[in-house]
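Source file: protein_14.pdb (PDB, C-alpha atoms, pLDDT in the B column)
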```
ATOM      1  CA  MET U   1       0.000   0.000   0.000  1.00 94.00           C
ATOM      2  CA  ARG U   2       1.346   3.411  -1.012  1.00 98.00           C
ATOM      3  CA  ARG U   3      -0.178   6.294   0.957  1.00 98.00           C
ATOM      4  CA  VAL U   4       0.483   9.995   0.496  1.00 98.00           C
ATOM      5  CA  VAL U   5      -0.211  12.475   3.315  1.00 98.00           C
ATOM      6  CA  PHE U   6      -1.177  15.719   1.617  1.00 97.00           C
ATOM      7  CA  ASN U   7      -2.542  19.144   2.434  1.00 94.00           C
ATOM      8  CA  GLN U   8      -1.631  22.387   0.688  1.00 90.00           C
ATOM      9  CA  LYS U   9      -1.876  24.246   4.001  1.00 87.00           C
ATOM     10  CA  GLY U  10       1.203  24.215   6.213  1.00 87.00           C
ATOM     11  CA  GLY U  11       1.230  23.465   9.914  1.00 86.00           C
ATOM     12  CA  VAL U  12      -1.467  20.784   9.865  1.00 91.00           C
ATOM     13  CA  GLY U  13       0.780  17.951  11.047  1.00 94.00           C
ATOM     14  CA  LYS U  14       1.651  16.153   7.796  1.00 97.00           C
ATOM     15  CA  SER U  15       5.109  15.028   8.903  1.00 97.00           C
ATOM     16  CA  SER U  16       3.940  14.008  12.372  1.00 98.00           C
ATOM     17  CA  ILE U  17       1.096  11.938  10.941  1.00 98.00           C
ATOM     18  CA  THR U  18       3.295  10.379   8.260  1.00 98.00           C
ATOM     19  CA  VAL U  19       6.052   9.349  10.646  1.00 98.00           C
ATOM     20  CA  ASN U  20       3.852   8.146  13.492  1.00 98.00           C
ATOM     21  CA  LEU U  21       1.530   6.058  11.309  1.00 98.00           C
ATOM     22  CA  ALA U  22       4.603   4.553   9.662  1.00 98.00           C
ATOM     23  CA  ALA U  23       6.111   3.828  13.095  1.00 98.00           C
ATOM     24  CA  ILE U  24       2.905   2.079  14.202  1.00 98.00           C
ATOM     25  CA  SER U  25       3.031   0.012  11.019  1.00 98.00           C
ATOM     26  CA  ALA U  26       6.658  -0.928  11.711  1.00 98.00           C
ATOM     27  CA  SER U  27       5.880  -1.779  15.342  1.00 98.00           C
ATOM     28  CA  GLU U  28       3.329  -4.303  14.077  1.00 97.00           C
ATOM     29  CA  GLY U  29       5.994  -6.127  12.100  1.00 98.00           C
ATOM     30  CA  LYS U  30       5.466  -4.564   8.668  1.00 98.00           C
ATOM     31  CA  ARG U  31       8.490  -3.461   6.670  1.00 98.00           C
ATOM     32  CA  THR U  32       7.657   0.214   6.324  1.00 98.00           C
ATOM     33  CA  LEU U  33       9.168   3.042   4.298  1.00 98.00           C
ATOM     34  CA  VAL U  34       8.772   6.807   4.739  1.00 98.00           C
ATOM     35  CA  VAL U  35       9.448   8.852   1.601  1.00 98.00           C
ATOM     36  CA  ASP U  36      10.135  12.520   2.364  1.00 98.00           C
ATOM     37  CA  LEU U  37       9.315  14.837  -0.560  1.00 97.00           C
ATOM     38  CA  ASP U  38       9.400  18.067   1.443  1.00 96.00           C
ATOM     39  CA  PRO U  39      12.560  20.219   0.949  1.00 94.00           C
ATOM     40  CA  GLN U  40      12.194  21.222   4.619  1.00 93.00           C
ATOM     41  CA  CYS U  41      13.149  17.616   5.493  1.00 95.00           C
ATOM     42  CA  ASN U  42      10.959  17.455   8.614  1.00 96.00           C
ATOM     43  CA  ALA U  43      10.078  13.759   8.350  1.00 97.00           C
ATOM     44  CA  SER U  44      13.717  12.845   7.612  1.00 97.00           C
ATOM     45  CA  GLN U  45      14.988  14.798  10.630  1.00 97.00           C
ATOM     46  CA  TYR U  46      12.248  13.289  12.793  1.00 98.00           C
ATOM     47  CA  LEU U  47      13.494   9.785  11.974  1.00 98.00           C
ATOM     48  CA  LEU U  48      17.238  10.361  11.615  1.00 97.00           C
ATOM     49  CA  GLY U  49      17.796  13.239  14.045  1.00 95.00           C
ATOM     50  CA  MET U  50      19.130  16.748  13.499  1.00 91.00           C
ATOM     51  CA  PRO U  51      22.826  15.688  13.475  1.00 91.00           C
ATOM     52  CA  ALA U  52      22.185  13.876  10.189  1.00 90.00           C
ATOM     53  CA  TYR U  53      21.510  17.323   8.691  1.00 88.00           C
ATOM     54  CA  SER U  54      24.256  19.226  10.511  1.00 81.00           C
ATOM     55  CA  ASN U  55      26.028  20.163   7.268  1.00 76.00           C
ATOM     56  CA  GLY U  56      22.841  21.549   5.720  1.00 69.00           C
ATOM     57  CA  HIS U  57      22.299  18.454   3.598  1.00 77.00           C
ATOM     58  CA  GLY U  58      20.878  15.061   4.444  1.00 82.00           C
ATOM     59  CA  PRO U  59      22.448  11.639   4.018  1.00 93.00           C
ATOM     60  CA  LYS U  60      23.082  10.637   0.428  1.00 93.00           C
ATOM     61  CA  PRO U  61      21.903   9.198  -1.836  1.00 95.00           C
ATOM     62  CA  ASN U  62      18.441  10.625  -1.152  1.00 96.00           C
ATOM     63  CA  ILE U  63      15.294  11.627  -3.030  1.00 96.00           C
ATOM     64  CA  GLY U  64      17.079  14.714  -4.355  1.00 94.00           C
ATOM     65  CA  THR U  65      19.810  12.457  -5.757  1.00 94.00           C
ATOM     66  CA  PHE U  66      17.160  10.320  -7.428  1.00 95.00           C
ATOM     67  CA  PHE U  67      15.410  13.223  -9.133  1.00 95.00           C
ATOM     68  CA  ALA U  68      18.721  14.829 -10.153  1.00 93.00           C
ATOM     69  CA  GLN U  69      19.725  11.531 -11.763  1.00 92.00           C
ATOM     70  CA  THR U  70      16.575  11.577 -13.912  1.00 93.00           C
ATOM     71  CA  LEU U  71      17.806  14.837 -15.450  1.00 91.00           C
ATOM     72  CA  SER U  72      21.005  13.290 -16.809  1.00 84.00           C
ATOM     73  CA  PHE U  73      21.498  10.344 -19.137  1.00 66.00           C
ATOM     74  CA  ARG U  74      23.233   7.393 -17.509  1.00 67.00           C
ATOM     75  CA  LEU U  75      23.749   3.915 -18.896  1.00 56.00           C
ATOM     76  CA  LYS U  76      23.486   2.407 -15.427  1.00 74.00           C
ATOM     77  CA  GLU U  77      21.090   3.865 -12.856  1.00 80.00           C
ATOM     78  CA  LYS U  78      21.280   3.220  -9.139  1.00 88.00           C
ATOM     79  CA  ASP U  79      19.276   0.389  -7.633  1.00 93.00           C
ATOM     80  CA  PRO U  80      16.129   1.907  -6.021  1.00 96.00           C
ATOM     81  CA  ARG U  81      17.157   0.349  -2.694  1.00 96.00           C
ATOM     82  CA  ASP U  82      20.343   2.436  -2.687  1.00 96.00           C
ATOM     83  CA  TYR U  83      18.288   5.534  -1.844  1.00 97.00           C
ATOM     84  CA  VAL U  84      16.751   3.921   1.246  1.00 98.00           C
ATOM     85  CA  HIS U  85      18.319   4.416   4.684  1.00 98.00           C
ATOM     86  CA  ALA U  86      17.723   2.480   7.883  1.00 98.00           C
ATOM     87  CA  THR U  87      16.413   4.338  10.923  1.00 98.00           C
ATOM     88  CA  PRO U  88      17.162   3.443  14.560  1.00 97.00           C
ATOM     89  CA  PHE U  89      13.740   1.765  14.714  1.00 98.00           C
ATOM     90  CA  GLU U  90      13.070  -1.839  13.748  1.00 98.00           C
ATOM     91  CA  ASN U  91      11.296  -2.360  10.390  1.00 98.00           C
ATOM     92  CA  LEU U  92      11.252   1.403   9.716  1.00 98.00           C
ATOM     93  CA  PHE U  93      13.196   2.914   6.819  1.00 98.00           C
ATOM     94  CA  VAL U  94      13.370   6.333   5.190  1.00 98.00           C
ATOM     95  CA  LEU U  95      14.062   7.701   1.739  1.00 98.00           C
ATOM     96  CA  PRO U  96      15.295  11.074   3.013  1.00 97.00           C
ATOM     97  CA  SER U  97      14.778  14.520   1.583  1.00 96.00           C
ATOM     98  CA  ASP U  98      17.274  17.260   0.773  1.00 91.00           C
ATOM     99  CA  GLY U  99      17.105  20.998   0.138  1.00 89.00           C
ATOM    100  CA  GLU U 100      18.207  20.218  -3.413  1.00 89.00           C
ATOM    101  CA  LEU U 101      14.580  19.405  -4.212  1.00 93.00           C
ATOM    102  CA  GLY U 102      13.704  23.090  -4.296  1.00 91.00           C
ATOM    103  CA  GLU U 103      16.633  23.883  -6.590  1.00 92.00           C
ATOM    104  CA  ILE U 104      15.782  21.343  -9.292  1.00 95.00           C
ATOM    105  CA  GLU U 105      11.976  21.509  -9.276  1.00 96.00           C
ATOM    106  CA  HIS U 106      11.728  23.820 -12.293  1.00 95.00           C
ATOM    107  CA  MET U 107      14.035  21.594 -14.364  1.00 95.00           C
ATOM    108  CA  LEU U 108      12.022  18.503 -13.456  1.00 96.00           C
ATOM    109  CA  GLU U 109       8.818  20.229 -14.538  1.00 94.00           C
ATOM    110  CA  SER U 110      10.262  21.443 -17.826  1.00 94.00           C
ATOM    111  CA  LYS U 111      11.550  17.961 -18.685  1.00 94.00           C
ATOM    112  CA  HIS U 112       8.228  16.286 -17.751  1.00 94.00           C
ATOM    113  CA  LYS U 113       9.639  13.956 -15.098  1.00 96.00           C
ATOM    114  CA  ILE U 114       6.273  13.716 -13.340  1.00 96.00           C
ATOM    115  CA  TYR U 115       6.032   9.891 -13.586  1.00 97.00           C
ATOM    116  CA  LYS U 116       9.516   9.067 -12.293  1.00 96.00           C
ATOM    117  CA  LEU U 117       8.472   8.764  -8.642  1.00 98.00           C
ATOM    118  CA  ARG U 118       5.766   6.238  -9.546  1.00 98.00           C
ATOM    119  CA  GLY U 119       8.372   4.003 -11.143  1.00 97.00           C
ATOM    120  CA  LEU U 120      10.631   4.268  -8.106  1.00 97.00           C
ATOM    121  CA  LEU U 121       7.879   3.434  -5.598  1.00 98.00           C
ATOM    122  CA  LYS U 122       6.609   0.529  -7.685  1.00 97.00           C
ATOM    123  CA  ALA U 123      10.122  -0.928  -7.649  1.00 97.00           C
ATOM    124  CA  LEU U 124      10.436  -0.395  -3.876  1.00 97.00           C
ATOM    125  CA  ALA U 125       7.007  -1.919  -3.215  1.00 96.00           C
ATOM    126  CA  LYS U 126       8.628  -5.334  -3.696  1.00 96.00           C
ATOM    127  CA  ASP U 127      10.661  -4.758  -0.526  1.00 97.00           C
ATOM    128  CA  PHE U 128       8.093  -2.999   1.698  1.00 98.00           C
ATOM    129  CA  ASP U 129       4.650  -3.793   3.065  1.00 98.00           C
ATOM    130  CA  GLU U 130       3.702  -0.140   3.573  1.00 98.00           C
ATOM    131  CA  ILE U 131       4.981   3.097   2.034  1.00 98.00           C
ATOM    132  CA  PHE U 132       4.044   6.507   3.468  1.00 98.00           C
ATOM    133  CA  VAL U 133       4.883   9.676   1.527  1.00 98.00           C
ATOM    134  CA  ASP U 134       5.251  13.069   3.206  1.00 98.00           C
ATOM    135  CA  THR U 135       4.664  16.079   0.939  1.00 97.00           C
ATOM    136  CA  PRO U 136       5.427  19.815   0.923  1.00 96.00           C
ATOM    137  CA  PRO U 137       2.648  22.286   1.837  1.00 94.00           C
ATOM    138  CA  ALA U 138       1.909  23.199  -1.786  1.00 94.00           C
ATOM    139  CA  TYR U 139       0.329  21.725  -4.888  1.00 95.00           C
ATOM    140  CA  ASN U 140       3.469  21.459  -6.967  1.00 96.00           C
ATOM    141  CA  PHE U 141       5.594  19.023  -8.983  1.00 97.00           C
ATOM    142  CA  TYR U 142       6.384  16.883  -5.936  1.00 97.00           C
ATOM    143  CA  THR U 143       2.856  16.606  -4.584  1.00 97.00           C
ATOM    144  CA  LEU U 144       1.489  15.791  -8.034  1.00 97.00           C
ATOM    145  CA  SER U 145       4.240  13.184  -8.455  1.00 98.00           C
ATOM    146  CA  SER U 146       3.184  11.592  -5.173  1.00 98.00           C
ATOM    147  CA  LEU U 147      -0.516  11.563  -6.130  1.00 98.00           C
ATOM    148  CA  ILE U 148       0.403   9.839  -9.392  1.00 98.00           C
ATOM    149  CA  ALA U 149       2.464   7.272  -7.447  1.00 98.00           C
ATOM    150  CA  ALA U 150       0.006   6.568  -4.608  1.00 97.00           C
ATOM    151  CA  ASP U 151      -2.925   4.235  -3.978  1.00 97.00           C
ATOM    152  CA  ARG U 152      -4.491   6.309  -1.204  1.00 98.00           C
ATOM    153  CA  VAL U 153      -4.477   9.892   0.115  1.00 98.00           C
ATOM    154  CA  LEU U 154      -4.748  10.914   3.767  1.00 98.00           C
ATOM    155  CA  ILE U 155      -5.680  14.566   4.346  1.00 97.00           C
ATOM    156  CA  PRO U 156      -4.720  16.148   7.694  1.00 96.00           C
ATOM    157  CA  PHE U 157      -7.222  18.707   9.011  1.00 93.00           C
ATOM    158  CA  ASP U 158      -6.403  20.827  12.074  1.00 89.00           C
ATOM    159  CA  CYS U 159      -9.878  22.128  13.008  1.00 81.00           C
ATOM    160  CA  ASP U 160      -9.217  25.605  11.667  1.00 79.00           C
ATOM    161  CA  ALA U 161     -11.679  27.682   9.628  1.00 73.00           C
ATOM    162  CA  PHE U 162      -8.975  28.463   7.035  1.00 72.00           C
ATOM    163  CA  SER U 163      -8.207  24.747   6.726  1.00 75.00           C
ATOM    164  CA  ARG U 164     -11.867  24.086   6.021  1.00 80.00           C
ATOM    165  CA  LYS U 165     -11.915  26.570   3.139  1.00 79.00           C
ATOM    166  CA  ALA U 166      -8.805  24.970   1.663  1.00 84.00           C
ATOM    167  CA  LEU U 167     -10.274  21.455   1.813  1.00 90.00           C
ATOM    168  CA  TYR U 168     -12.462  21.864  -1.248  1.00 90.00           C
ATOM    169  CA  THR U 169      -9.638  23.184  -3.431  1.00 91.00           C
ATOM    170  CA  LEU U 170      -7.467  20.329  -2.197  1.00 94.00           C
ATOM    171  CA  LEU U 171     -10.130  17.723  -3.022  1.00 95.00           C
ATOM    172  CA  GLU U 172     -10.559  19.243  -6.491  1.00 95.00           C
ATOM    173  CA  ASN U 173      -6.802  18.949  -7.090  1.00 95.00           C
ATOM    174  CA  ILE U 174      -6.828  15.305  -5.998  1.00 97.00           C
ATOM    175  CA  GLN U 175      -9.782  14.575  -8.273  1.00 96.00           C
ATOM    176  CA  GLU U 176      -8.008  16.242 -11.192  1.00 96.00           C
ATOM    177  CA  ALA U 177      -4.868  14.181 -10.547  1.00 97.00           C
ATOM    178  CA  ARG U 178      -7.012  11.052 -10.439  1.00 97.00           C
ATOM    179  CA  GLU U 179      -8.802  11.819 -13.714  1.00 97.00           C
ATOM    180  CA  ASP U 180      -5.670  12.897 -15.582  1.00 96.00           C
ATOM    181  CA  HIS U 181      -3.002  10.556 -14.240  1.00 97.00           C
ATOM    182  CA  ASN U 182      -4.033   7.849 -11.760  1.00 97.00           C
ATOM    183  CA  ASP U 183      -7.421   6.108 -12.010  1.00 96.00           C
ATOM    184  CA  ASP U 184      -6.637   3.979  -8.943  1.00 95.00           C
ATOM    185  CA  LEU U 185      -6.116   6.917  -6.574  1.00 97.00           C
ATOM    186  CA  GLN U 186      -8.608   7.125  -3.697  1.00 97.00           C
ATOM    187  CA  VAL U 187      -9.098   9.546  -0.833  1.00 97.00           C
ATOM    188  CA  GLU U 188      -8.752   7.311   2.199  1.00 97.00           C
ATOM    189  CA  GLY U 189     -10.056   9.952   4.544  1.00 96.00           C
ATOM    190  CA  ILE U 190      -9.575  13.208   6.388  1.00 96.00           C
ATOM    191  CA  VAL U 191      -7.507  12.909   9.578  1.00 97.00           C
ATOM    192  CA  VAL U 192      -8.743  15.314  12.235  1.00 95.00           C
ATOM    193  CA  ASN U 193      -5.603  16.492  14.039  1.00 94.00           C
ATOM    194  CA  GLN U 194      -5.079  18.688  17.124  1.00 90.00           C
ATOM    195  CA  TYR U 195      -8.649  17.796  18.137  1.00 91.00           C
ATOM    196  CA  GLN U 196     -10.061  19.200  21.374  1.00 87.00           C
ATOM    197  CA  PRO U 197     -13.286  17.283  22.053  1.00 81.00           C
ATOM    198  CA  ARG U 198     -14.462  19.664  24.789  1.00 80.00           C
ATOM    199  CA  ALA U 199     -14.039  22.810  22.709  1.00 85.00           C
ATOM    200  CA  ARG U 200     -17.080  24.054  20.785  1.00 86.00           C
ATOM    201  CA  LEU U 201     -15.418  25.198  17.544  1.00 84.00           C
ATOM    202  CA  PRO U 202     -13.657  21.893  16.700  1.00 84.00           C
ATOM    203  CA  GLN U 203     -16.869  19.959  17.378  1.00 89.00           C
ATOM    204  CA  GLU U 204     -18.900  22.273  15.144  1.00 89.00           C
ATOM    205  CA  LEU U 205     -16.326  22.224  12.325  1.00 89.00           C
ATOM    206  CA  VAL U 206     -16.078  18.437  12.269  1.00 91.00           C
ATOM    207  CA  ALA U 207     -19.862  18.014  12.496  1.00 92.00           C
ATOM    208  CA  SER U 208     -20.414  20.386   9.575  1.00 92.00           C
ATOM    209  CA  LEU U 209     -17.855  18.550   7.432  1.00 92.00           C
ATOM    210  CA  GLU U 210     -19.544  15.237   8.202  1.00 93.00           C
ATOM    211  CA  GLU U 211     -22.944  16.728   7.305  1.00 93.00           C
ATOM    212  CA  GLU U 212     -21.495  17.820   3.959  1.00 92.00           C
ATOM    213  CA  GLY U 213     -20.523  14.218   3.257  1.00 92.00           C
ATOM    214  CA  LEU U 214     -16.744  14.593   3.520  1.00 94.00           C
ATOM    215  CA  PRO U 215     -14.866  11.392   4.459  1.00 95.00           C
ATOM    216  CA  ILE U 216     -13.904  12.193   8.050  1.00 96.00           C
ATOM    217  CA  LEU U 217     -12.081   9.277   9.667  1.00 97.00           C
ATOM    218  CA  ALA U 218     -13.637   8.130  12.934  1.00 96.00           C
ATOM    219  CA  ASN U 219     -10.399   8.121  14.931  1.00 97.00           C
ATOM    220  CA  LYS U 220      -9.188  11.639  15.728  1.00 96.00           C
ATOM    221  CA  LEU U 221      -5.803  12.803  17.050  1.00 97.00           C
ATOM    222  CA  SER U 222      -5.647  14.911  20.197  1.00 95.00           C
ATOM    223  CA  SER U 223      -3.507  17.947  20.834  1.00 91.00           C
ATOM    224  CA  SER U 224      -0.621  17.093  23.190  1.00 94.00           C
ATOM    225  CA  VAL U 225       2.782  18.474  24.186  1.00 95.00           C
ATOM    226  CA  VAL U 226       4.141  14.930  23.907  1.00 97.00           C
ATOM    227  CA  MET U 227       4.277  15.412  20.139  1.00 97.00           C
ATOM    228  CA  ARG U 228       6.748  18.272  20.518  1.00 96.00           C
ATOM    229  CA  GLU U 229       8.850  16.118  22.856  1.00 97.00           C
ATOM    230  CA  SER U 230       8.743  13.350  20.257  1.00 98.00           C
ATOM    231  CA  HIS U 231      10.078  15.749  17.608  1.00 97.00           C
ATOM    232  CA  GLU U 232      12.855  16.994  19.887  1.00 97.00           C
ATOM    233  CA  LYS U 233      13.983  13.451  20.713  1.00 97.00           C
ATOM    234  CA  ALA U 234      13.648  12.327  17.071  1.00 97.00           C
ATOM    235  CA  THR U 235      11.659   9.341  18.294  1.00 98.00           C
ATOM    236  CA  PRO U 236       8.142   8.371  17.140  1.00 98.00           C
ATOM    237  CA  LEU U 237       5.514   8.160  19.852  1.00 98.00           C
ATOM    238  CA  VAL U 238       5.179   4.368  19.758  1.00 98.00           C
ATOM    239  CA  ASN U 239       8.908   4.076  20.470  1.00 98.00           C
ATOM    240  CA  MET U 240       9.064   6.905  23.011  1.00 98.00           C
ATOM    241  CA  GLN U 241       5.798   6.541  24.955  1.00 97.00           C
ATOM    242  CA  PRO U 242       3.987   3.404  23.776  1.00 98.00           C
ATOM    243  CA  ARG U 243       1.220   3.715  26.382  1.00 97.00           C
ATOM    244  CA  HIS U 244       0.418   7.403  25.913  1.00 98.00           C
ATOM    245  CA  LYS U 245      -3.141   8.369  24.946  1.00 97.00           C
ATOM    246  CA  LEU U 246      -1.963   9.942  21.668  1.00 98.00           C
ATOM    247  CA  THR U 247       0.004   6.795  20.806  1.00 98.00           C
ATOM    248  CA  ASP U 248      -3.169   4.762  21.300  1.00 98.00           C
ATOM    249  CA  GLU U 249      -5.044   7.178  19.018  1.00 98.00           C
ATOM    250  CA  TYR U 250      -2.450   6.600  16.309  1.00 98.00           C
ATOM    251  CA  ARG U 251      -2.807   2.840  16.765  1.00 98.00           C
ATOM    252  CA  GLU U 252      -6.576   3.073  16.324  1.00 98.00           C
ATOM    253  CA  LEU U 253      -6.206   5.340  13.307  1.00 98.00           C
ATOM    254  CA  PHE U 254      -3.776   2.893  11.687  1.00 98.00           C
ATOM    255  CA  ARG U 255      -6.193   0.024  12.328  1.00 98.00           C
ATOM    256  CA  GLU U 256      -9.019   2.040  10.808  1.00 98.00           C
ATOM    257  CA  ILE U 257      -7.191   2.768   7.566  1.00 97.00           C
ATOM    258  CA  SER U 258      -5.760  -0.761   7.384  1.00 96.00           C
ATOM    259  CA  ALA U 259      -9.266  -2.234   7.635  1.00 91.00           C
ATOM    260  CA  GLY U 260     -10.573   0.003   4.826  1.00 72.00           C
TER     261      GLY U 260
END
```
Transcribe the structure of this file into structure tokens.
Amino acid sequence: MRRVVFNQKGGVGKSSITVNLAAISASEGKRTLVVDLDPQCNASQYLLGMPAYSNGHGPKPNIGTFFAQTLSFRLKEKDPRDYVHATPFENLFVLPSDGELGEIEHMLESKHKIYKLRGLLKALAKDFDEIFVDTPPAYNFYTLSSLIAADRVLIPFDCDAFSRKALYTLLENIQEAREDHNDDLQVEGIVVNQYQPRARLPQELVASLEEEGLPILANKLSSSVVMRESHEKATPLVNMQPRHKLTDEYRELFREISAG
């Protein structure tokens, strides 16, 4: 299964959701890969730690290396597995990002390399049970590449009025990508993040979205300072605090999408 976590709005928890769902998957014995397509490298740093990016660039070869290679003719290309790096966590691997992604995006667009990621992930699917793709907060070459390469889309929603307005544009973009490039693509659901069940506004926002027929997933993710601690320690919740309430919410969310 190849899942992309996508929202054009920043700050909705894409990297946190990507990494922690992948970590739950790995903890249940599935060989799991995180692909980081965001030039900010948040998911990569979450899994590998800040020291891995101390020189301003991530470990190589990475996803930037892969895309740069597609721009030049080579008789022998690297094996797709060469781009994958182990993390400190059992069964969990990462194809890390690099700031180079931002530098070469225009060249990739002009040379129509939009299907290259799909080929890479199809090759890697032989070695992994689950692949989760983290995306930049924009509808650009990299997010479209991931939608073309994916089976399912998870949409983080942070209970904000501006996020609600952006949802419809986002869903239109996904539908367009499906019609033009990937007939098999499906919206798996909207992940309600930073949810405060006792606050009126989040309850009203979620209820209105459900009334409008949007695919809100039943299991919601609470707001908690433990997530910030998890980022600082570069350790997913299931590895850092396996019995925490938020960890349990991620487990239930993973079970929900796995049963779909």
Per residue of segment 27-84 of chain U within 8 Å of segment 222-243 of chain U, record the nearest atom pair and its distance in Å to one decimal, counting all atoms listed in the file, with rows in chain order and ascending residue number, as JSON lines.
```
{"residue": "U:Ser27", "atom": "CA", "partner": "U:Val238", "partner_atom": "CA", "distance": 7.6}
{"residue": "U:Gln45", "atom": "CA", "partner": "U:Ala234", "partner_atom": "CA", "distance": 7.0}
{"residue": "U:Tyr46", "atom": "CA", "partner": "U:Ala234", "partner_atom": "CA", "distance": 4.6}
{"residue": "U:Leu47", "atom": "CA", "partner": "U:Ala234", "partner_atom": "CA", "distance": 5.7}
{"residue": "U:Leu48", "atom": "CA", "partner": "U:Ala234", "partner_atom": "CA", "distance": 6.8}
{"residue": "U:Gly49", "atom": "CA", "partner": "U:Ala234", "partner_atom": "CA", "distance": 5.2}
{"residue": "U:Met50", "atom": "CA", "partner": "U:Ala234", "partner_atom": "CA", "distance": 7.9}
```
* Skip segment 109-124 of chain U itself and residues of its chain fewer than 4 positions away, then list as a ChimeraX atom specification all residues within 7 Å of it, counting all atoms listed in the file. => /U:80-81,105,128,141,145-146,148-149
Around the point (-12.4, 15.1, 10.2) in the file's coordinates, collect all residues with an atom within 7 Å, using all atoms listed in the file, and return them as a compact mmCIF listing (two decimals) with C-alpha atoms, in the coordinates of the input.
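Output file part_24.txt is given in full below:
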```txt
# COMPACT_ATOMS: atom_id res chain seq x y z
CA PHE U 157 -7.22 18.71 9.01
CA ILE U 190 -9.57 13.21 6.39
CA VAL U 191 -7.51 12.91 9.58
CA VAL U 192 -8.74 15.31 12.24
CA VAL U 206 -16.08 18.44 12.27
CA ILE U 216 -13.90 12.19 8.05
CA LEU U 217 -12.08 9.28 9.67
```
* Rounded to one decimal place, report the atom CA of Thr65 of chain U-atom CA of Ile17 of chain U distance in Å. => 25.1 Å
* Work out how far atom CA of Gly189 of chain U is from atom CA of Leu101 of chain U, in Å to one decimal. => 27.8 Å
* To do: Just say which residues the PyMOL selection byres ((chain U and resi 159) around 9) picks in this file, as a PyMOL selection string.
  => chain U and resi 157-158+160-164+192-196+201-203+205-206
* Selection near Asp184 of chain U, 12 Å with all atoms listed in the file, sequence-local residues under 5 positions removed, as a PyMOL selection string -> chain U and resi 1-2+147-153+174-175+177-179
* Structure fact -> Using only C-alpha atoms, the residue out of U:Val84, U:Ala199, U:Ile131, U:Ala218 with shortest distance to Ala23 of chain U is U:Ile131
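Using the PyMOL selection byres ((chain U and resi 78) around 10) on this structure selects Pro61, Thr65, Phe66, Gln69, Arg74, Lys76, Glu77, Asp79, Pro80, Arg81, Asp82 and Tyr83 of chain U.
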Can you write out the residues you just picked, keeping C-alpha atoms, as a short mmCIF file (atom, residue, chain, number, x, y, z; two decimals), in the frame of the given file?
```cif
data_model
loop_
_atom_site.label_atom_id
_atom_site.label_comp_id
_atom_site.auth_asym_id
_atom_site.auth_seq_id
_atom_site.Cartn_x
_atom_site.Cartn_y
_atom_site.Cartn_z
CA PRO U 61 21.90 9.20 -1.84
CA THR U 65 19.81 12.46 -5.76
CA PHE U 66 17.16 10.32 -7.43
CA GLN U 69 19.73 11.53 -11.76
CA ARG U 74 23.23 7.39 -17.51
CA LYS U 76 23.49 2.41 -15.43
CA GLU U 77 21.09 3.86 -12.86
CA ASP U 79 19.28 0.39 -7.63
CA PRO U 80 16.13 1.91 -6.02
CA ARG U 81 17.16 0.35 -2.69
CA ASP U 82 20.34 2.44 -2.69
CA TYR U 83 18.29 5.53 -1.84
#
```
* Asked: For Val94 of chain U, which residue out of U:His57, U:Thr18, U:Leu154, U:Pro137 is the nearest one, using only C-alpha atoms?
  ->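 When distances to Val94 of chain U are compared using only C-alpha atoms, the smallest one comes from U:Thr18.
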* Contacts of segment 248-253 of chain U within 8 Å, only C-alpha atoms, excl. fewer than 2 positions in-chain, as a PyMOL selection string -> chain U and resi 20-21+24+217-222+242-246+255-257
